[in-house]
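A.B. asks: Structure file target-v1.pdb (PDB, C-alpha atoms) is given on the next line.
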```
ATOM      1  CA  MET A   1     111.786  67.978  93.168  1.00  0.00           C
ATOM      2  CA  ILE A   2     112.413  71.670  92.566  1.00  0.00           C
ATOM      3  CA  ARG A   3     112.373  72.739  88.955  1.00  0.00           C
ATOM      4  CA  ILE A   4     111.926  75.827  86.841  1.00  0.00           C
ATOM      5  CA  ALA A   5     108.251  76.621  86.256  1.00  0.00           C
ATOM      6  CA  THR A   6     106.781  76.663  82.755  1.00  0.00           C
ATOM      7  CA  THR A   7     103.582  78.153  81.356  1.00  0.00           C
ATOM      8  CA  ALA A   8     102.090  74.637  81.534  1.00  0.00           C
ATOM      9  CA  ASP A   9     102.282  74.996  85.351  1.00  0.00           C
ATOM     10  CA  VAL A  10     100.167  78.172  85.422  1.00  0.00           C
ATOM     11  CA  PRO A  11      96.782  76.451  86.032  1.00  0.00           C
ATOM     12  CA  GLU A  12      98.132  74.464  89.001  1.00  0.00           C
ATOM     13  CA  MET A  13      99.949  77.471  90.444  1.00  0.00           C
ATOM     14  CA  LEU A  14      96.782  79.531  90.143  1.00  0.00           C
ATOM     15  CA  ALA A  15      94.855  76.739  91.890  1.00  0.00           C
ATOM     16  CA  ILE A  16      97.371  76.918  94.766  1.00  0.00           C
ATOM     17  CA  TYR A  17      97.135  80.728  94.960  1.00  0.00           C
ATOM     18  CA  THR A  18      93.343  81.175  94.661  1.00  0.00           C
ATOM     19  CA  PRO A  19      92.435  79.954  98.204  1.00  0.00           C
ATOM     20  CA  TYR A  20      94.957  82.419  99.653  1.00  0.00           C
ATOM     21  CA  VAL A  21      93.057  85.241  97.937  1.00  0.00           C
ATOM     22  CA  GLU A  22      89.541  83.976  98.648  1.00  0.00           C
ATOM     23  CA  ASN A  23      89.905  82.639 102.193  1.00  0.00           C
ATOM     24  CA  THR A  24      92.825  84.370 103.916  1.00  0.00           C
ATOM     25  CA  THR A  25      94.548  87.668 104.578  1.00  0.00           C
ATOM     26  CA  VAL A  26      97.854  86.248 103.312  1.00  0.00           C
ATOM     27  CA  SER A  27      97.257  87.988  99.979  1.00  0.00           C
ATOM     28  CA  PHE A  28      95.833  91.485  99.946  1.00  0.00           C
ATOM     29  CA  GLU A  29      94.098  90.809  96.627  1.00  0.00           C
ATOM     30  CA  TYR A  30      90.306  90.576  96.857  1.00  0.00           C
ATOM     31  CA  VAL A  31      89.651  88.639  93.657  1.00  0.00           C
ATOM     32  CA  PRO A  32      91.847  85.853  92.277  1.00  0.00           C
ATOM     33  CA  PRO A  33      93.517  86.713  88.984  1.00  0.00           C
ATOM     34  CA  THR A  34      92.037  85.184  85.861  1.00  0.00           C
ATOM     35  CA  PRO A  35      94.116  82.538  84.068  1.00  0.00           C
ATOM     36  CA  GLU A  36      95.054  85.212  81.519  1.00  0.00           C
ATOM     37  CA  GLU A  37      96.142  87.677  84.227  1.00  0.00           C
ATOM     38  CA  PHE A  38      98.162  85.021  86.048  1.00  0.00           C
ATOM     39  CA  THR A  39      99.815  83.901  82.802  1.00  0.00           C
ATOM     40  CA  ASN A  40     100.712  87.530  82.107  1.00  0.00           C
ATOM     41  CA  ARG A  41     102.289  87.848  85.579  1.00  0.00           C
ATOM     42  CA  PHE A  42     104.261  84.677  84.984  1.00  0.00           C
ATOM     43  CA  THR A  43     105.473  85.840  81.558  1.00  0.00           C
ATOM     44  CA  THR A  44     106.326  89.334  82.788  1.00  0.00           C
ATOM     45  CA  TYR A  45     108.154  88.290  85.968  1.00  0.00           C
ATOM     46  CA  THR A  46     110.147  85.475  84.390  1.00  0.00           C
ATOM     47  CA  ARG A  47     111.835  87.842  81.948  1.00  0.00           C
ATOM     48  CA  GLN A  48     114.067  88.890  84.853  1.00  0.00           C
ATOM     49  CA  PHE A  49     113.245  86.738  87.865  1.00  0.00           C
ATOM     50  CA  PRO A  50     113.220  82.995  88.579  1.00  0.00           C
ATOM     51  CA  TRP A  51     109.955  81.160  89.147  1.00  0.00           C
ATOM     52  CA  LEU A  52     110.314  77.694  90.698  1.00  0.00           C
ATOM     53  CA  VAL A  53     107.941  74.846  91.520  1.00  0.00           C
ATOM     54  CA  TRP A  54     108.065  71.861  93.862  1.00  0.00           C
ATOM     55  CA  GLU A  55     106.661  68.815  92.113  1.00  0.00           C
ATOM     56  CA  GLU A  56     105.949  65.368  93.546  1.00  0.00           C
ATOM     57  CA  GLY A  57     104.323  62.561  91.600  1.00  0.00           C
ATOM     58  CA  GLY A  58     103.371  64.903  88.760  1.00  0.00           C
ATOM     59  CA  ARG A  59     101.560  67.308  91.131  1.00  0.00           C
ATOM     60  CA  LEU A  60     102.709  70.761  92.207  1.00  0.00           C
ATOM     61  CA  LEU A  61     102.841  71.227  95.969  1.00  0.00           C
ATOM     62  CA  GLY A  62     104.136  74.783  95.887  1.00  0.00           C
ATOM     63  CA  TYR A  63     105.870  77.509  93.976  1.00  0.00           C
ATOM     64  CA  ALA A  64     108.196  80.423  94.621  1.00  0.00           C
ATOM     65  CA  TYR A  65     109.121  83.401  92.519  1.00  0.00           C
ATOM     66  CA  ALA A  66     110.570  86.874  92.790  1.00  0.00           C
ATOM     67  CA  SER A  67     109.545  90.244  91.471  1.00  0.00           C
ATOM     68  CA  ALA A  68     110.677  93.855  91.642  1.00  0.00           C
ATOM     69  CA  PRO A  69     109.397  95.654  94.752  1.00  0.00           C
ATOM     70  CA  PHE A  70     110.022  99.071  93.154  1.00  0.00           C
ATOM     71  CA  SER A  71     110.134 100.342  89.580  1.00  0.00           C
ATOM     72  CA  ARG A  72     112.781 103.093  89.639  1.00  0.00           C
ATOM     73  CA  ALA A  73     116.274 102.246  88.351  1.00  0.00           C
ATOM     74  CA  ALA A  74     118.118 102.988  91.608  1.00  0.00           C
ATOM     75  CA  TYR A  75     116.156 100.180  93.284  1.00  0.00           C
ATOM     76  CA  GLY A  76     117.372  97.680  90.690  1.00  0.00           C
ATOM     77  CA  TRP A  77     119.353  95.658  93.245  1.00  0.00           C
ATOM     78  CA  CYS A  78     116.236  94.819  95.316  1.00  0.00           C
ATOM     79  CA  ALA A  79     114.000  91.770  94.820  1.00  0.00           C
ATOM     80  CA  GLU A  80     110.865  90.478  96.509  1.00  0.00           C
ATOM     81  CA  PRO A  81     110.676  86.675  96.897  1.00  0.00           C
ATOM     82  CA  THR A  82     107.313  84.979  97.471  1.00  0.00           C
ATOM     83  CA  VAL A  83     106.248  81.404  98.171  1.00  0.00           C
ATOM     84  CA  TYR A  84     102.863  79.662  98.176  1.00  0.00           C
ATOM     85  CA  LEU A  85     102.178  76.058  99.202  1.00  0.00           C
ATOM     86  CA  ARG A  86      99.248  73.676  99.179  1.00  0.00           C
ATOM     87  CA  PRO A  87      97.961  73.148 102.748  1.00  0.00           C
ATOM     88  CA  GLU A  88      99.251  69.557 102.872  1.00  0.00           C
ATOM     89  CA  ALA A  89     102.762  70.736 101.923  1.00  0.00           C
ATOM     90  CA  ARG A  90     103.187  73.074 104.892  1.00  0.00           C
ATOM     91  CA  GLY A  91     105.599  72.110 107.652  1.00  0.00           C
ATOM     92  CA  LYS A  92     107.627  69.733 105.473  1.00  0.00           C
ATOM     93  CA  GLY A  93     110.509  72.040 104.566  1.00  0.00           C
ATOM     94  CA  ILE A  94     109.247  72.623 101.020  1.00  0.00           C
ATOM     95  CA  GLY A  95     108.913  76.391 101.454  1.00  0.00           C
ATOM     96  CA  ARG A  96     112.392  76.604 102.947  1.00  0.00           C
ATOM     97  CA  ALA A  97     113.889  74.521 100.120  1.00  0.00           C
ATOM     98  CA  LEU A  98     112.183  76.658  97.464  1.00  0.00           C
ATOM     99  CA  TYR A  99     113.339  79.876  99.161  1.00  0.00           C
ATOM    100  CA  ASP A 100     116.919  78.604  99.530  1.00  0.00           C
ATOM    101  CA  VAL A 101     117.212  77.919  95.789  1.00  0.00           C
ATOM    102  CA  LEU A 102     115.371  81.121  94.881  1.00  0.00           C
ATOM    103  CA  GLU A 103     117.619  83.253  97.102  1.00  0.00           C
ATOM    104  CA  ASP A 104     120.746  81.538  95.752  1.00  0.00           C
ATOM    105  CA  ILE A 105     119.729  82.408  92.195  1.00  0.00           C
ATOM    106  CA  LEU A 106     118.799  85.994  93.153  1.00  0.00           C
ATOM    107  CA  TYR A 107     122.148  86.601  94.839  1.00  0.00           C
ATOM    108  CA  ARG A 108     124.008  85.136  91.853  1.00  0.00           C
ATOM    109  CA  GLN A 109     122.012  87.466  89.604  1.00  0.00           C
ATOM    110  CA  GLY A 110     123.401  90.391  91.592  1.00  0.00           C
ATOM    111  CA  TYR A 111     120.506  91.279  93.895  1.00  0.00           C
ATOM    112  CA  GLN A 112     121.688  92.734  97.195  1.00  0.00           C
ATOM    113  CA  VAL A 113     118.518  93.269  99.249  1.00  0.00           C
ATOM    114  CA  LEU A 114     115.514  90.946  99.467  1.00  0.00           C
ATOM    115  CA  TYR A 115     112.169  92.166 100.786  1.00  0.00           C
ATOM    116  CA  ALA A 116     109.180  90.179 101.999  1.00  0.00           C
ATOM    117  CA  LEU A 117     105.857  91.837 102.742  1.00  0.00           C
ATOM    118  CA  VAL A 118     103.857  89.828 105.275  1.00  0.00           C
ATOM    119  CA  CYS A 119     100.424  90.446 106.790  1.00  0.00           C
ATOM    120  CA  GLY A 120     100.906  91.132 110.498  1.00  0.00           C
ATOM    121  CA  GLU A 121      98.467  88.422 111.558  1.00  0.00           C
ATOM    122  CA  ASN A 122     100.216  85.800 109.400  1.00  0.00           C
ATOM    123  CA  ARG A 123     102.323  84.358 112.215  1.00  0.00           C
ATOM    124  CA  PRO A 124     103.482  81.259 110.270  1.00  0.00           C
ATOM    125  CA  SER A 125     104.923  83.440 107.498  1.00  0.00           C
ATOM    126  CA  ARG A 126     106.509  85.787 110.014  1.00  0.00           C
ATOM    127  CA  ARG A 127     108.221  82.844 111.779  1.00  0.00           C
ATOM    128  CA  PHE A 128     109.252  81.392 108.407  1.00  0.00           C
ATOM    129  CA  HIS A 129     110.930  84.612 107.263  1.00  0.00           C
ATOM    130  CA  GLU A 130     112.652  85.133 110.591  1.00  0.00           C
ATOM    131  CA  LYS A 131     114.075  81.583 110.429  1.00  0.00           C
ATOM    132  CA  GLN A 132     115.252  82.355 106.877  1.00  0.00           C
ATOM    133  CA  GLY A 133     117.289  85.276 108.242  1.00  0.00           C
ATOM    134  CA  TYR A 134     114.913  88.138 107.434  1.00  0.00           C
ATOM    135  CA  HIS A 135     114.625  91.052 109.868  1.00  0.00           C
ATOM    136  CA  VAL A 136     111.789  93.513 110.379  1.00  0.00           C
ATOM    137  CA  ALA A 137     112.600  96.721 108.503  1.00  0.00           C
ATOM    138  CA  ALA A 138     109.247  98.425 109.081  1.00  0.00           C
ATOM    139  CA  GLU A 139     105.727  97.831 110.296  1.00  0.00           C
ATOM    140  CA  PHE A 140     102.724  99.564 108.804  1.00  0.00           C
ATOM    141  CA  PRO A 141      99.720  99.325 111.155  1.00  0.00           C
ATOM    142  CA  ASP A 142      96.207  99.174 109.704  1.00  0.00           C
ATOM    143  CA  ILE A 143      97.341  99.599 106.114  1.00  0.00           C
ATOM    144  CA  GLY A 144      95.124  97.025 104.388  1.00  0.00           C
ATOM    145  CA  PHE A 145      91.430  96.275 104.758  1.00  0.00           C
ATOM    146  CA  LYS A 146      90.234  92.752 104.006  1.00  0.00           C
ATOM    147  CA  MET A 147      87.683  90.352 105.463  1.00  0.00           C
ATOM    148  CA  GLY A 148      86.064  93.125 107.478  1.00  0.00           C
ATOM    149  CA  ARG A 149      89.129  94.252 109.399  1.00  0.00           C
ATOM    150  CA  TRP A 150      92.180  96.469 109.182  1.00  0.00           C
ATOM    151  CA  LEU A 151      95.468  94.611 108.727  1.00  0.00           C
ATOM    152  CA  SER A 152      99.028  95.567 109.442  1.00  0.00           C
ATOM    153  CA  LEU A 153     101.883  94.857 107.071  1.00  0.00           C
ATOM    154  CA  ILE A 154     105.328  93.755 108.218  1.00  0.00           C
ATOM    155  CA  TRP A 155     108.159  94.639 105.848  1.00  0.00           C
ATOM    156  CA  TYR A 156     111.011  92.154 106.191  1.00  0.00           C
ATOM    157  CA  GLU A 157     114.433  92.468 104.628  1.00  0.00           C
ATOM    158  CA  LYS A 158     117.461  90.265 104.153  1.00  0.00           C
ATOM    159  CA  ARG A 159     120.752  91.684 102.995  1.00  0.00           C
ATOM    160  CA  GLN A 160     123.657  89.996 101.355  1.00  0.00           C
ATOM    161  CA  LYS A 161     127.119  91.381 102.052  1.00  0.00           C
ATOM    162  CA  MET A 162     126.687  94.570 100.060  1.00  0.00           C
ATOM    163  CA  VAL A 163     128.854  95.268  97.046  1.00  0.00           C
ATOM    164  CA  LYS A 164     130.321  98.728  97.572  1.00  0.00           C
ATOM    165  CA  SER A 165     129.760  99.816  93.989  1.00  0.00           C
ATOM    166  CA  PRO A 166     128.174  97.236  91.687  1.00  0.00           C
ATOM    167  CA  SER A 167     129.534  97.366  88.162  1.00  0.00           C
ATOM    168  CA  ILE A 168     126.371  96.106  86.463  1.00  0.00           C
ATOM    169  CA  PRO A 169     122.725  95.721  87.412  1.00  0.00           C
ATOM    170  CA  PRO A 170     121.420  92.244  88.186  1.00  0.00           C
ATOM    171  CA  VAL A 171     121.340  89.951  85.172  1.00  0.00           C
ATOM    172  CA  PRO A 172     118.295  87.927  84.088  1.00  0.00           C
ATOM    173  CA  TRP A 173     117.930  84.653  86.002  1.00  0.00           C
ATOM    174  CA  SER A 174     118.375  82.587  82.836  1.00  0.00           C
ATOM    175  CA  GLU A 175     121.949  83.851  82.476  1.00  0.00           C
ATOM    176  CA  VAL A 176     122.769  82.475  85.931  1.00  0.00           C
ATOM    177  CA  VAL A 177     120.915  79.170  85.746  1.00  0.00           C
ATOM    178  CA  HIS A 178     122.145  78.271  82.269  1.00  0.00           C
ATOM    179  CA  ASN A 179     125.739  79.492  82.741  1.00  0.00           C
ATOM    180  CA  ALA A 180     127.933  76.462  83.435  1.00  0.00           C
ATOM    181  CA  GLU A 181     130.550  78.517  85.319  1.00  0.00           C
ATOM    182  CA  THR A 182     128.131  79.866  87.933  1.00  0.00           C
ATOM    183  CA  LEU A 183     125.655  76.992  88.031  1.00  0.00           C
ATOM    184  CA  GLY A 184     127.611  75.129  90.709  1.00  0.00           C
ATOM    185  CA  ASP A 185     125.446  74.095  93.642  1.00  0.00           C
ATOM    186  CA  ILE A 186     122.217  75.208  91.980  1.00  0.00           C
ATOM    187  CA  SER A 187     122.232  72.154  89.723  1.00  0.00           C
ATOM    188  CA  ALA A 188     122.248  69.855  92.765  1.00  0.00           C
ATOM    189  CA  LYS A 189     119.062  71.519  94.047  1.00  0.00           C
ATOM    190  CA  LEU A 190     117.244  72.229  90.791  1.00  0.00           C
ATOM    191  CA  SER A 191     116.019  70.144  87.881  1.00  0.00           C
ATOM    192  CA  ILE A 192     116.875  72.159  84.780  1.00  0.00           C
ATOM    193  CA  PRO A 193     114.986  71.365  81.580  1.00  0.00           C
TER     194      PRO A 193
END
```
Show me the file's structure as structure tokens.
C.D. replies:
Amino acid sequence: MIRIATTADVPEMLAIYTPYVENTTVSFEYVPPTPEEFTNRFTTYTRQFPWLVWEEGGRLLGYAYASAPFSRAAYGWCAEPTVYLRPEARGKGIGRALYDVLEDILYRQGYQVLYALVCGENRPSRRFHEKQGYHVAAEFPDIGFKMGRWLSLIWYEKRQKMVKSPSIPPVPWSEVVHNAETLGDISAKLSIP
């Protein structure tokens, strides 16, 4: 089941994320965030962006969220989706399902361009994003150093049919998810508290 994440989910989401920081080059962080830091990220991001979880039998198997890739106002129509899964959840379509709902909400909010930053050696994530319709926008060789080696970064993008001149910046996700007129198909994919 996909549902909107709550602060009660933070410990489980952090438990999912921590091995990516400690044992892989998927995340370019060296040290996992503290529970306080991760809670602050959650609180900060969810003011504007959706944060979703996949739950089965009372246990989280993965989560997906979006954030702003840039801070300047002119970039306000860009978002950066991210997904993390427990190892046993990979290859079951959970990441794709989370991304599909996340992207649907982001587009309904008014976002026009989605970016995904992927470590060059992370072939599963590269294949995943390409299957989701993302295209390589840029490659930055040897840009990050982790686990004793230089790592490249692949910058993927996915564009919606661009609005020639948007009348308003993207709205907060809560306005889309809780608005009965635009909820439509989202409600079939998402458990809304």
A.B. asks: Name the residues that the PyMOL selection byres ((chain A and resi 35) around 12) picks from the file above, as a list in words, using the file's chain letters and numbers.
C.D. replies: Thr7, Ala8, Asp9, Val10, Pro11, Glu12, Met13, Leu14, Ala15, Tyr17, Thr18, Pro32, Pro33, Thr34, Glu36, Glu37, Phe38, Thr39, Asn40, Arg41 and Phe42 of chain A
A.B. asks: Run the PyMOL selection byres ((chain A and resi 137) around 6) against the file shown and list the residues it catches, as a list in words.
C.D. replies: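 Output of the PyMOL selection byres ((chain A and resi 137) around 6): Val136, Ala138, Trp155 and Tyr156 of chain A.
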A.B. asks: Could you tell me which of A:Gly148, A:Thr44, A:Ser67, A:Leu52 comes closest to Arg3 in chain A if we count only C-alpha atoms?
C.D. replies: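 Among A:Gly148, A:Thr44, A:Ser67, A:Leu52, it is A:Leu52 that comes nearest to Arg3 in chain A.
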A.B. asks: Hey, what's within 8 Å of Lys158 in chain A if we count only C-alpha atoms and toss same-chain stuff fewer than 2 positions away? As a list in words, please?
C.D. replies: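 Selected residues are Val113, Leu114, Tyr115, Gly133, Tyr134, His135, Tyr156 and Gln160 of chain A.
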A.B. asks: Any chance you could export the current selection's C-alpha atoms as a PDB file, keeping the file's coordinate frame?
C.D. replies:
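Saved result, result13.pdb, follows:
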```pdb
ATOM      1  CA  VAL A 113     118.518  93.269  99.249  1.00  0.00           C
ATOM      2  CA  LEU A 114     115.514  90.946  99.467  1.00  0.00           C
ATOM      3  CA  TYR A 115     112.169  92.166 100.786  1.00  0.00           C
ATOM      4  CA  GLY A 133     117.289  85.276 108.242  1.00  0.00           C
ATOM      5  CA  TYR A 134     114.913  88.138 107.434  1.00  0.00           C
ATOM      6  CA  HIS A 135     114.625  91.052 109.868  1.00  0.00           C
ATOM      7  CA  TYR A 156     111.011  92.154 106.191  1.00  0.00           C
ATOM      8  CA  GLN A 160     123.657  89.996 101.355  1.00  0.00           C
TER       9      GLN A 160
END
```
A.B. asks: In terms of the shortest atom-to-atom distance over only C-alpha atoms, which of A:Ala68, A:Lys146, A:Gln112, A:Phe128 is closest to Lys164 in chain A?
C.D. replies: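 Checking each of A:Ala68, A:Lys146, A:Gln112, A:Phe128 against Lys164 in chain A, counting only C-alpha atoms, the winner is A:Gln112.
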